[in-house]
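**Q** I am attaching a structure below and will ask some questions about it afterwards.
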Amino acid sequence: MSHMNYEAGMFGRQERLEYSGDAPKSRRWLWITLIVLAIAVAGFFTMGKFMGGKQDGAANKAAGKSNNPSQMPTVTVTTPGRQAVQTVISGTGSLAAKREMPVGVVGEGGLVTRVLVEPGTWVGKGQVLATVDRSVQVQTADSLAASVRVAEADAKLAQANLDRAQSLVSNGFVSKADIDRLTAARDQASARVRVARAQLAETQARNHRLDIRAPEAGLVLTRQVEPGQIVSGGSGVLFRMAMGGQMELRAQLAEADLLRTRVGSTAQITPTGSTQVFSGTVWQVSPVIDPNTRQGIARIQLAYNPALRPGGFASAQIITGAENAVILPQSAIQSDAQGNYVYTLDRDNKAVRTPVVTGAVTDSGVSVTQGLTGNERVVMTAGAFLNPGQKVIPQLLKK
């Protein structure tokens, strides 16, 4: 019995000893686990705070950058005002004679004996340009002139016979019937004189038409005849002339530009390949628009100058009027899908998008017909890099 108690006591002691040995070890692992969890939680909150602080710092930095004057862009601005702008329409076309006169054979024609002018020659009205052989016609004219003299002699004799008979009527030597017969003979002789003279005049006129003459004073442009050539009414044009030497530019204009062009408008003409500028006046605007090209012709009158050659090409600047408008350089005008616009600055020096309507483009700039009064502060450059509401540092452009 005592032995069993001893073993039981020993067994229970052993269990107590084993339990007392494991308890400190378990508590030690528990504390280690708790410490690791605490470190992880502390690290998580520390990292979150760090990231939040970093984001807040970036936002504060961006805000500080946008509000920092040293980081604002500097732009050039100006107050353009308004000024008179000439409305100019551009066009191109060919030079030609204002009134071109084709000259050909008027009479029956014949053999050309002489050509008296060359292209570029100034001639007067009725001046002979070329002569045609008239040897046969001259003989005919001489024959008719002789017939006139014969008829005049017969008429003179008939008048003398009538005068003598009338002086003898009172004495009874000549009857009334004789007077009537002599009077009729005198009238017939006078009529034959008129017929002969008319025939001579006709022949002389025909001979006169053998010469090729200038219908009006002007400038000879072309010559298509040479001595020895046989010409007739079917020979076509032998000479071309510019009446009065006046030239013109037949400028091709778009339909919208043609509607704005007025008769009497002044124009500046520059021939191709030349730097010389000639002044002209629009004297006719075509009432017809070409349905294929949608263009019409404005005819610009020019005074004669050797540098203006018919058939040449030239450009025209037609001044159709003047208007008050805002003038801006091309760099100030921006464009996108919504249309043309500029940037202006408000009182706080913030960029404001301002839609505009542009007009003519001249050497001085682009005219703005709508959208600006001229009193705004307009950004001249760097507009493409601005955004609406962006604050800038304005630098006024000195005029």
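Residues in the structure tokens are named by chain (A, B, ... in the order shown) and by number from 1 within that chain; ligands are numbered from 1 in the order shown.
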Write out as a PDB file with all heavy atoms, in the first residue's frame each polymer residue whose atoms come within 12 Å of stretch 173-183 of chain A, counting only C-alpha atoms; drop sequence neighbours fewer than 6 positions from it.
**A**
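Okay, around-v8.pdb is ready:
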```
ATOM      1  N   ALA A 155     -23.283 119.192-170.674  1.00  0.00           N
ATOM      2  CA  ALA A 155     -24.245 119.965-169.891  1.00  0.00           C
ATOM      3  C   ALA A 155     -24.047 121.456-170.106  1.00  0.00           C
ATOM      4  O   ALA A 155     -25.026 122.231-170.179  1.00  0.00           O
ATOM      5  CB  ALA A 155     -24.090 119.613-168.414  1.00  0.00           C
ATOM      6  N   LEU A 157     -22.923 122.870-172.891  1.00  0.00           N
ATOM      7  CA  LEU A 157     -23.437 123.177-174.233  1.00  0.00           C
ATOM      8  C   LEU A 157     -24.962 123.229-174.240  1.00  0.00           C
ATOM      9  O   LEU A 157     -25.580 124.123-174.846  1.00  0.00           O
ATOM     10  CB  LEU A 157     -22.942 122.142-175.243  1.00  0.00           C
ATOM     11  CG  LEU A 157     -23.447 122.290-176.680  1.00  0.00           C
ATOM     12  CD1 LEU A 157     -23.031 123.651-177.258  1.00  0.00           C
ATOM     13  CD2 LEU A 157     -22.931 121.148-177.558  1.00  0.00           C
ATOM     14  N   ALA A 158     -25.588 122.284-173.533  1.00  0.00           N
ATOM     15  CA  ALA A 158     -27.053 122.272-173.478  1.00  0.00           C
ATOM     16  C   ALA A 158     -27.583 123.516-172.793  1.00  0.00           C
ATOM     17  O   ALA A 158     -28.620 124.084-173.194  1.00  0.00           O
ATOM     18  CB  ALA A 158     -27.524 121.016-172.763  1.00  0.00           C
ATOM     19  N   GLN A 159     -26.892 123.981-171.777  1.00  0.00           N
ATOM     20  CA  GLN A 159     -27.333 125.201-171.087  1.00  0.00           C
ATOM     21  C   GLN A 159     -27.189 126.420-171.997  1.00  0.00           C
ATOM     22  O   GLN A 159     -28.065 127.318-172.021  1.00  0.00           O
ATOM     23  CB  GLN A 159     -26.493 125.394-169.818  1.00  0.00           C
ATOM     24  CG  GLN A 159     -26.914 126.596-168.982  1.00  0.00           C
ATOM     25  CD  GLN A 159     -28.320 126.461-168.428  1.00  0.00           C
ATOM     26  OE1 GLN A 159     -28.674 125.440-167.859  1.00  0.00           O
ATOM     27  NE2 GLN A 159     -29.156 127.486-168.606  1.00  0.00           N
ATOM     28  N   ALA A 160     -26.103 126.453-172.790  1.00  0.00           N
ATOM     29  CA  ALA A 160     -25.904 127.581-173.713  1.00  0.00           C
ATOM     30  C   ALA A 160     -26.982 127.604-174.797  1.00  0.00           C
ATOM     31  O   ALA A 160     -27.506 128.678-175.146  1.00  0.00           O
ATOM     32  CB  ALA A 160     -24.517 127.496-174.335  1.00  0.00           C
ATOM     33  N   ASN A 161     -27.331 126.456-175.359  1.00  0.00           N
ATOM     34  CA  ASN A 161     -28.393 126.402-176.375  1.00  0.00           C
ATOM     35  C   ASN A 161     -29.723 126.874-175.806  1.00  0.00           C
ATOM     36  O   ASN A 161     -30.501 127.584-176.470  1.00  0.00           O
ATOM     37  CB  ASN A 161     -28.534 124.984-176.934  1.00  0.00           C
ATOM     38  CG  ASN A 161     -27.324 124.569-177.757  1.00  0.00           C
ATOM     39  OD1 ASN A 161     -26.621 125.429-178.326  1.00  0.00           O
ATOM     40  ND2 ASN A 161     -27.066 123.253-177.842  1.00  0.00           N
ATOM     41  N   LEU A 162     -30.002 126.496-174.587  1.00  0.00           N
ATOM     42  CA  LEU A 162     -31.247 126.921-173.975  1.00  0.00           C
ATOM     43  C   LEU A 162     -31.271 128.428-173.743  1.00  0.00           C
ATOM     44  O   LEU A 162     -32.300 129.100-173.984  1.00  0.00           O
ATOM     45  CB  LEU A 162     -31.449 126.169-172.642  1.00  0.00           C
ATOM     46  CG  LEU A 162     -32.695 126.529-171.843  1.00  0.00           C
ATOM     47  CD1 LEU A 162     -33.955 126.253-172.656  1.00  0.00           C
ATOM     48  CD2 LEU A 162     -32.720 125.771-170.521  1.00  0.00           C
ATOM     49  N   ASP A 163     -30.162 128.981-173.338  1.00  0.00           N
ATOM     50  CA  ASP A 163     -30.106 130.423-173.085  1.00  0.00           C
ATOM     51  C   ASP A 163     -30.330 131.225-174.374  1.00  0.00           C
ATOM     52  O   ASP A 163     -31.048 132.242-174.394  1.00  0.00           O
ATOM     53  CB  ASP A 163     -28.752 130.798-172.457  1.00  0.00           C
ATOM     54  CG  ASP A 163     -28.577 130.238-171.055  1.00  0.00           C
ATOM     55  OD1 ASP A 163     -29.616 129.898-170.407  1.00  0.00           O
ATOM     56  OD2 ASP A 163     -27.418 130.114-170.589  1.00  0.00           O
ATOM     57  N   ARG A 164     -29.718 130.763-175.495  1.00  0.00           N
ATOM     58  CA  ARG A 164     -29.900 131.482-176.751  1.00  0.00           C
ATOM     59  C   ARG A 164     -31.350 131.387-177.249  1.00  0.00           C
ATOM     60  O   ARG A 164     -31.925 132.363-177.757  1.00  0.00           O
ATOM     61  CB  ARG A 164     -28.958 130.892-177.819  1.00  0.00           C
ATOM     62  CG  ARG A 164     -27.517 131.376-177.684  1.00  0.00           C
ATOM     63  CD  ARG A 164     -26.716 131.047-178.925  1.00  0.00           C
ATOM     64  NE  ARG A 164     -26.635 129.619-179.161  1.00  0.00           N
ATOM     65  CZ  ARG A 164     -25.695 128.831-178.681  1.00  0.00           C
ATOM     66  NH1 ARG A 164     -24.746 129.350-177.912  1.00  0.00           N
ATOM     67  NH2 ARG A 164     -25.689 127.540-178.965  1.00  0.00           N
ATOM     68  N   ALA A 165     -31.939 130.210-177.095  1.00  0.00           N
ATOM     69  CA  ALA A 165     -33.318 130.052-177.555  1.00  0.00           C
ATOM     70  C   ALA A 165     -34.273 130.928-176.752  1.00  0.00           C
ATOM     71  O   ALA A 165     -35.216 131.527-177.299  1.00  0.00           O
ATOM     72  CB  ALA A 165     -33.727 128.592-177.462  1.00  0.00           C
ATOM     73  N   GLN A 166     -34.020 131.049-175.493  1.00  0.00           N
ATOM     74  CA  GLN A 166     -34.911 131.873-174.660  1.00  0.00           C
ATOM     75  C   GLN A 166     -34.805 133.365-175.026  1.00  0.00           C
ATOM     76  O   GLN A 166     -35.779 134.111-174.916  1.00  0.00           O
ATOM     77  CB  GLN A 166     -34.565 131.666-173.173  1.00  0.00           C
ATOM     78  CG  GLN A 166     -35.003 130.305-172.630  1.00  0.00           C
ATOM     79  CD  GLN A 166     -34.576 130.099-171.181  1.00  0.00           C
ATOM     80  OE1 GLN A 166     -33.669 130.792-170.712  1.00  0.00           O
ATOM     81  NE2 GLN A 166     -35.209 129.141-170.512  1.00  0.00           N
ATOM     82  N   SER A 167     -33.632 133.763-175.502  1.00  0.00           N
ATOM     83  CA  SER A 167     -33.493 135.176-175.909  1.00  0.00           C
ATOM     84  C   SER A 167     -34.228 135.483-177.214  1.00  0.00           C
ATOM     85  O   SER A 167     -34.509 136.647-177.541  1.00  0.00           O
ATOM     86  CB  SER A 167     -32.011 135.535-176.052  1.00  0.00           C
ATOM     87  OG  SER A 167     -31.415 134.782-177.108  1.00  0.00           O
ATOM     88  N   ALA A 189     -28.347 116.415-169.713  1.00  0.00           N
ATOM     89  CA  ALA A 189     -26.894 116.585-169.648  1.00  0.00           C
ATOM     90  C   ALA A 189     -26.450 116.770-168.198  1.00  0.00           C
ATOM     91  O   ALA A 189     -25.413 116.228-167.757  1.00  0.00           O
ATOM     92  CB  ALA A 189     -26.475 117.768-170.490  1.00  0.00           C
ATOM     93  N   SER A 190     -27.229 117.525-167.447  1.00  0.00           N
ATOM     94  CA  SER A 190     -26.890 117.713-166.019  1.00  0.00           C
ATOM     95  C   SER A 190     -26.987 116.404-165.255  1.00  0.00           C
ATOM     96  O   SER A 190     -26.151 116.109-164.375  1.00  0.00           O
ATOM     97  CB  SER A 190     -27.821 118.763-165.397  1.00  0.00           C
ATOM     98  OG  SER A 190     -27.686 120.010-166.055  1.00  0.00           O
TER      99      SER A 190
END
```
**Q** Considering only C-alpha atoms, return as a PDB file with N, CA and C atoms, in the first residue's frame whatever protein or nucleic-acid residues lie within 8 Å of A:Val220, sequence-local ones (same chain, fewer than 2 positions apart) excluded.
**A**
```
ATOM      1  N   VAL A 117       3.830  99.442-140.786  1.00  0.00           N
ATOM      2  CA  VAL A 117       3.944  99.507-139.327  1.00  0.00           C
ATOM      3  C   VAL A 117       4.459  98.175-138.793  1.00  0.00           C
ATOM      4  N   GLU A 118       4.972  98.254-137.574  1.00  0.00           N
ATOM      5  CA  GLU A 118       5.431  97.076-136.845  1.00  0.00           C
ATOM      6  C   GLU A 118       4.700  97.011-135.507  1.00  0.00           C
ATOM      7  N   PRO A 119       4.657  95.841-134.864  1.00  0.00           N
ATOM      8  CA  PRO A 119       4.065  95.770-133.517  1.00  0.00           C
ATOM      9  C   PRO A 119       4.759  96.742-132.569  1.00  0.00           C
ATOM     10  N   GLY A 120       3.963  97.441-131.767  1.00  0.00           N
ATOM     11  CA  GLY A 120       4.495  98.454-130.875  1.00  0.00           C
ATOM     12  C   GLY A 120       4.448  99.860-131.446  1.00  0.00           C
ATOM     13  N   THR A 121       3.965 100.008-132.700  1.00  0.00           N
ATOM     14  CA  THR A 121       3.890 101.322-133.344  1.00  0.00           C
ATOM     15  C   THR A 121       2.586 102.019-132.948  1.00  0.00           C
ATOM     16  N   TRP A 122       2.694 103.300-132.592  1.00  0.00           N
ATOM     17  CA  TRP A 122       1.510 104.113-132.338  1.00  0.00           C
ATOM     18  C   TRP A 122       1.024 104.681-133.667  1.00  0.00           C
ATOM     19  N   VAL A 123      -0.258 104.585-133.936  1.00  0.00           N
ATOM     20  CA  VAL A 123      -0.831 105.068-135.193  1.00  0.00           C
ATOM     21  C   VAL A 123      -2.048 105.924-134.883  1.00  0.00           C
ATOM     22  N   GLY A 218      -4.339 104.201-131.819  1.00  0.00           N
ATOM     23  CA  GLY A 218      -3.970 103.220-130.809  1.00  0.00           C
ATOM     24  C   GLY A 218      -2.608 102.620-131.061  1.00  0.00           C
ATOM     25  N   THR A 222      -0.095  93.239-132.982  1.00  0.00           N
ATOM     26  CA  THR A 222       0.400  92.131-133.795  1.00  0.00           C
ATOM     27  C   THR A 222       0.291  92.468-135.269  1.00  0.00           C
ATOM     28  N   ARG A 223       1.094  91.793-136.079  1.00  0.00           N
ATOM     29  CA  ARG A 223       1.086  91.957-137.540  1.00  0.00           C
ATOM     30  C   ARG A 223       1.126  90.576-138.169  1.00  0.00           C
ATOM     31  N   PHE A 239      -3.928  92.697-138.613  1.00  0.00           N
ATOM     32  CA  PHE A 239      -3.325  93.451-137.507  1.00  0.00           C
ATOM     33  C   PHE A 239      -4.268  93.384-136.303  1.00  0.00           C
ATOM     34  N   ARG A 240      -3.675  93.490-135.111  1.00  0.00           N
ATOM     35  CA  ARG A 240      -4.454  93.679-133.894  1.00  0.00           C
ATOM     36  C   ARG A 240      -3.956  94.934-133.208  1.00  0.00           C
ATOM     37  N   MET A 241      -4.906  95.747-132.754  1.00  0.00           N
ATOM     38  CA  MET A 241      -4.564  97.031-132.148  1.00  0.00           C
ATOM     39  C   MET A 241      -5.248  97.173-130.794  1.00  0.00           C
ATOM     40  N   ALA A 242      -4.615  97.948-129.918  1.00  0.00           N
ATOM     41  CA  ALA A 242      -5.220  98.342-128.651  1.00  0.00           C
ATOM     42  C   ALA A 242      -5.680  99.786-128.795  1.00  0.00           C
TER      43      ALA A 242
END
```
**Q** Using only C-alpha atoms for the distances, tell me which of A:Leu328, A:Ile39, A:Ala96, A:Leu129 is nearest to A:Gly365.
**A**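 Distance minimum relative to A:Gly365 lands on A:Leu328.
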**Q** Run DSSP on the backbone of this structure and report the residues of stretch 195-377 of chain A it assigns to alpha helix (DSSP H), as a list in words.
**A**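 Here are the alpha helix (DSSP H) residues of stretch 195-377 of chain A: Val195, Ala196, Arg197, Ala198, Gln199, Leu200, Ala201, Glu202, Thr203, Gln204, Ala205, Arg206, Asn207, His208, Arg209, Leu210, Glu255, Ala256, Asp257, Leu258, Leu259 and Arg260 of chain A.
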**Q** Using C-alpha atoms, can you write the selected residues to a file as a short mmCIF file (atom, residue, chain, number, x, y, z; two decimals), in the first residue's frame?
**A**
```cif
data_model
loop_
_atom_site.label_atom_id
_atom_site.label_comp_id
_atom_site.auth_asym_id
_atom_site.auth_seq_id
_atom_site.Cartn_x
_atom_site.Cartn_y
_atom_site.Cartn_z
CA VAL A 195 -24.03 109.99 -162.77
CA ALA A 196 -20.45 110.29 -163.97
CA ARG A 197 -19.37 112.01 -160.79
CA ALA A 198 -21.05 109.33 -158.66
CA GLN A 199 -19.32 106.57 -160.58
CA LEU A 200 -15.97 108.29 -160.12
CA ALA A 201 -16.58 108.76 -156.40
CA GLU A 202 -17.49 105.09 -156.02
CA THR A 203 -14.32 103.99 -157.75
CA GLN A 204 -12.22 106.35 -155.68
CA ALA A 205 -13.82 105.02 -152.51
CA ARG A 206 -13.09 101.46 -153.55
CA ASN A 207 -9.51 102.39 -154.27
CA HIS A 208 -9.30 104.07 -150.89
CA ARG A 209 -10.51 100.87 -149.21
CA LEU A 210 -7.72 98.93 -150.85
CA GLU A 255 -17.59 84.67 -105.90
CA ALA A 256 -17.60 86.24 -102.42
CA ASP A 257 -14.79 88.66 -103.36
CA LEU A 258 -16.52 89.61 -106.59
CA LEU A 259 -19.61 90.69 -104.63
CA ARG A 260 -17.47 93.08 -102.57
#
```
**Q** Can you tell me, as a PDB file with all heavy atoms, in the first residue's frame, what residues are no more than 8 Å from A:Gly104 when counting only C-alpha atoms, ignoring any on the same chain fewer than 3 positions away?
**A**
```pdb
ATOM      1  N   ILE A 212      -5.150  99.213-146.149  1.00  0.00           N
ATOM      2  CA  ILE A 212      -5.555  98.706-144.834  1.00  0.00           C
ATOM      3  C   ILE A 212      -5.236  99.799-143.824  1.00  0.00           C
ATOM      4  O   ILE A 212      -4.062 100.151-143.621  1.00  0.00           O
ATOM      5  CB  ILE A 212      -4.821  97.405-144.504  1.00  0.00           C
ATOM      6  CG1 ILE A 212      -5.137  96.364-145.584  1.00  0.00           C
ATOM      7  CG2 ILE A 212      -5.214  96.889-143.128  1.00  0.00           C
ATOM      8  CD1 ILE A 212      -4.302  95.115-145.479  1.00  0.00           C
ATOM      9  N   GLY A 233     -11.186  89.621-148.503  1.00  0.00           N
ATOM     10  CA  GLY A 233     -12.073  89.698-147.353  1.00  0.00           C
ATOM     11  C   GLY A 233     -12.059  88.455-146.486  1.00  0.00           C
ATOM     12  O   GLY A 233     -12.421  88.513-145.307  1.00  0.00           O
ATOM     13  N   SER A 235      -9.307  86.756-145.695  1.00  0.00           N
ATOM     14  CA  SER A 235      -7.951  86.534-145.177  1.00  0.00           C
ATOM     15  C   SER A 235      -7.865  86.596-143.657  1.00  0.00           C
ATOM     16  O   SER A 235      -6.833  86.251-143.083  1.00  0.00           O
ATOM     17  CB  SER A 235      -6.980  87.552-145.776  1.00  0.00           C
ATOM     18  OG  SER A 235      -6.923  87.409-147.178  1.00  0.00           O
ATOM     19  N   GLY A 236      -8.917  87.070-143.013  1.00  0.00           N
ATOM     20  CA  GLY A 236      -8.901  87.137-141.554  1.00  0.00           C
ATOM     21  C   GLY A 236      -8.218  88.381-141.040  1.00  0.00           C
ATOM     22  O   GLY A 236      -8.094  89.401-141.732  1.00  0.00           O
ATOM     23  N   VAL A 237      -7.745  88.291-139.803  1.00  0.00           N
ATOM     24  CA  VAL A 237      -7.143  89.442-139.120  1.00  0.00           C
ATOM     25  C   VAL A 237      -5.695  89.598-139.561  1.00  0.00           C
ATOM     26  O   VAL A 237      -4.897  88.660-139.474  1.00  0.00           O
ATOM     27  CB  VAL A 237      -7.221  89.262-137.593  1.00  0.00           C
ATOM     28  CG1 VAL A 237      -6.552  90.430-136.888  1.00  0.00           C
ATOM     29  CG2 VAL A 237      -8.679  89.132-137.156  1.00  0.00           C
ATOM     30  N   LEU A 238      -5.374  90.795-140.033  1.00  0.00           N
ATOM     31  CA  LEU A 238      -3.999  91.105-140.451  1.00  0.00           C
ATOM     32  C   LEU A 238      -3.236  91.861-139.370  1.00  0.00           C
ATOM     33  O   LEU A 238      -2.020  91.706-139.247  1.00  0.00           O
ATOM     34  CB  LEU A 238      -4.017  91.920-141.747  1.00  0.00           C
ATOM     35  CG  LEU A 238      -4.754  91.277-142.930  1.00  0.00           C
ATOM     36  CD1 LEU A 238      -4.659  92.174-144.157  1.00  0.00           C
ATOM     37  CD2 LEU A 238      -4.212  89.888-143.225  1.00  0.00           C
ATOM     38  N   PHE A 239      -3.928  92.697-138.613  1.00  0.00           N
ATOM     39  CA  PHE A 239      -3.325  93.451-137.507  1.00  0.00           C
ATOM     40  C   PHE A 239      -4.268  93.384-136.303  1.00  0.00           C
ATOM     41  O   PHE A 239      -5.484  93.274-136.460  1.00  0.00           O
ATOM     42  CB  PHE A 239      -3.103  94.927-137.877  1.00  0.00           C
ATOM     43  CG  PHE A 239      -2.170  95.144-139.035  1.00  0.00           C
ATOM     44  CD1 PHE A 239      -2.658  95.235-140.333  1.00  0.00           C
ATOM     45  CD2 PHE A 239      -0.804  95.258-138.834  1.00  0.00           C
ATOM     46  CE1 PHE A 239      -1.817  95.444-141.404  1.00  0.00           C
ATOM     47  CE2 PHE A 239       0.054  95.454-139.907  1.00  0.00           C
ATOM     48  CZ  PHE A 239      -0.447  95.555-141.192  1.00  0.00           C
TER      49      PHE A 239
END
```
**Q** Extract, using only C-alpha atoms, all DNA, RNA and protein residues at most 6 Å from A:Leu253, discarding same-chain residues fewer than 6 positions from it, and format them as a ChimeraX atom specification.
**A** /A:91,295-296
**Q** With all heavy atoms retained, export the selected residues as a PDB file, in the first residue's frame.
**A**
```
ATOM      1  N   GLY A  91      -6.232  88.932-106.269  1.00  0.00           N
ATOM      2  CA  GLY A  91      -6.638  88.159-107.435  1.00  0.00           C
ATOM      3  C   GLY A  91      -5.501  88.087-108.438  1.00  0.00           C
ATOM      4  O   GLY A  91      -4.518  88.828-108.346  1.00  0.00           O
ATOM      5  N   GLN A 295     -15.948  81.420-110.021  1.00  0.00           N
ATOM      6  CA  GLN A 295     -15.173  82.656-110.081  1.00  0.00           C
ATOM      7  C   GLN A 295     -15.774  83.581-111.134  1.00  0.00           C
ATOM      8  O   GLN A 295     -16.491  83.154-112.031  1.00  0.00           O
ATOM      9  CB  GLN A 295     -13.708  82.380-110.418  1.00  0.00           C
ATOM     10  CG  GLN A 295     -12.939  81.684-109.307  1.00  0.00           C
ATOM     11  CD  GLN A 295     -11.479  81.506-109.664  1.00  0.00           C
ATOM     12  OE1 GLN A 295     -11.113  81.364-110.828  1.00  0.00           O
ATOM     13  NE2 GLN A 295     -10.619  81.509-108.666  1.00  0.00           N
ATOM     14  N   GLY A 296     -15.444  84.868-110.994  1.00  0.00           N
ATOM     15  CA  GLY A 296     -15.846  85.871-111.967  1.00  0.00           C
ATOM     16  C   GLY A 296     -14.662  86.767-112.279  1.00  0.00           C
ATOM     17  O   GLY A 296     -13.590  86.652-111.680  1.00  0.00           O
TER      18      GLY A 296
END
```
**Q** Tell me, as a list of chain:residue names, which residues lie within 9 Å of A:Val77, counting only C-alpha atoms; anything in the same chain fewer than 5 positions away does not count.
**A** A:Thr344, A:Leu345, A:Arg377, A:Val378, A:Val379, A:Met380, A:Thr381, A:Pro394, A:Gln395, A:Leu396, A:Leu397
**Q** Would you export the selected residues with N, CA, C and O atoms as a PDB file, in the first residue's frame, please?
**A**
```
ATOM      1  N   THR A 344      -7.243  86.945 -73.338  1.00  0.00           N
ATOM      2  CA  THR A 344      -7.164  88.255 -72.691  1.00  0.00           C
ATOM      3  C   THR A 344      -6.984  88.038 -71.196  1.00  0.00           C
ATOM      4  O   THR A 344      -7.216  86.933 -70.679  1.00  0.00           O
ATOM      5  N   LEU A 345      -6.568  89.076 -70.493  1.00  0.00           N
ATOM      6  CA  LEU A 345      -6.350  88.991 -69.053  1.00  0.00           C
ATOM      7  C   LEU A 345      -7.400  89.807 -68.315  1.00  0.00           C
ATOM      8  O   LEU A 345      -7.732  90.927 -68.719  1.00  0.00           O
ATOM      9  N   ARG A 377      -6.572  93.686 -72.605  1.00  0.00           N
ATOM     10  CA  ARG A 377      -5.167  93.275 -72.589  1.00  0.00           C
ATOM     11  C   ARG A 377      -5.088  91.907 -73.278  1.00  0.00           C
ATOM     12  O   ARG A 377      -5.549  90.908 -72.737  1.00  0.00           O
ATOM     13  N   VAL A 378      -4.515  91.886 -74.435  1.00  0.00           N
ATOM     14  CA  VAL A 378      -4.484  90.683 -75.269  1.00  0.00           C
ATOM     15  C   VAL A 378      -3.100  90.056 -75.192  1.00  0.00           C
ATOM     16  O   VAL A 378      -2.076  90.754 -75.301  1.00  0.00           O
ATOM     17  N   VAL A 379      -3.082  88.739 -74.991  1.00  0.00           N
ATOM     18  CA  VAL A 379      -1.816  88.001 -74.964  1.00  0.00           C
ATOM     19  C   VAL A 379      -1.285  87.914 -76.388  1.00  0.00           C
ATOM     20  O   VAL A 379      -1.957  87.392 -77.284  1.00  0.00           O
ATOM     21  N   MET A 380      -0.075  88.408 -76.589  1.00  0.00           N
ATOM     22  CA  MET A 380       0.486  88.454 -77.932  1.00  0.00           C
ATOM     23  C   MET A 380       1.161  87.143 -78.313  1.00  0.00           C
ATOM     24  O   MET A 380       1.069  86.701 -79.453  1.00  0.00           O
ATOM     25  N   THR A 381       1.855  86.523 -77.359  1.00  0.00           N
ATOM     26  CA  THR A 381       2.546  85.268 -77.630  1.00  0.00           C
ATOM     27  C   THR A 381       2.274  84.295 -76.485  1.00  0.00           C
ATOM     28  O   THR A 381       1.744  84.676 -75.443  1.00  0.00           O
ATOM     29  N   PRO A 394       1.850  89.506 -66.502  1.00  0.00           N
ATOM     30  CA  PRO A 394       1.804  90.236 -67.781  1.00  0.00           C
ATOM     31  C   PRO A 394       3.004  91.158 -67.945  1.00  0.00           C
ATOM     32  O   PRO A 394       3.487  91.766 -66.995  1.00  0.00           O
ATOM     33  N   GLN A 395       3.496  91.206 -69.157  1.00  0.00           N
ATOM     34  CA  GLN A 395       4.559  92.127 -69.525  1.00  0.00           C
ATOM     35  C   GLN A 395       4.049  92.968 -70.714  1.00  0.00           C
ATOM     36  O   GLN A 395       3.845  92.446 -71.791  1.00  0.00           O
ATOM     37  N   LEU A 396       3.838  94.246 -70.488  1.00  0.00           N
ATOM     38  CA  LEU A 396       3.226  95.110 -71.479  1.00  0.00           C
ATOM     39  C   LEU A 396       4.184  95.363 -72.642  1.00  0.00           C
ATOM     40  O   LEU A 396       5.350  95.684 -72.439  1.00  0.00           O
ATOM     41  N   LEU A 397       3.674  95.185 -73.848  1.00  0.00           N
ATOM     42  CA  LEU A 397       4.470  95.427 -75.057  1.00  0.00           C
ATOM     43  C   LEU A 397       4.517  96.911 -75.335  1.00  0.00           C
ATOM     44  O   LEU A 397       3.470  97.573 -75.439  1.00  0.00           O
TER      45      LEU A 397
END
```
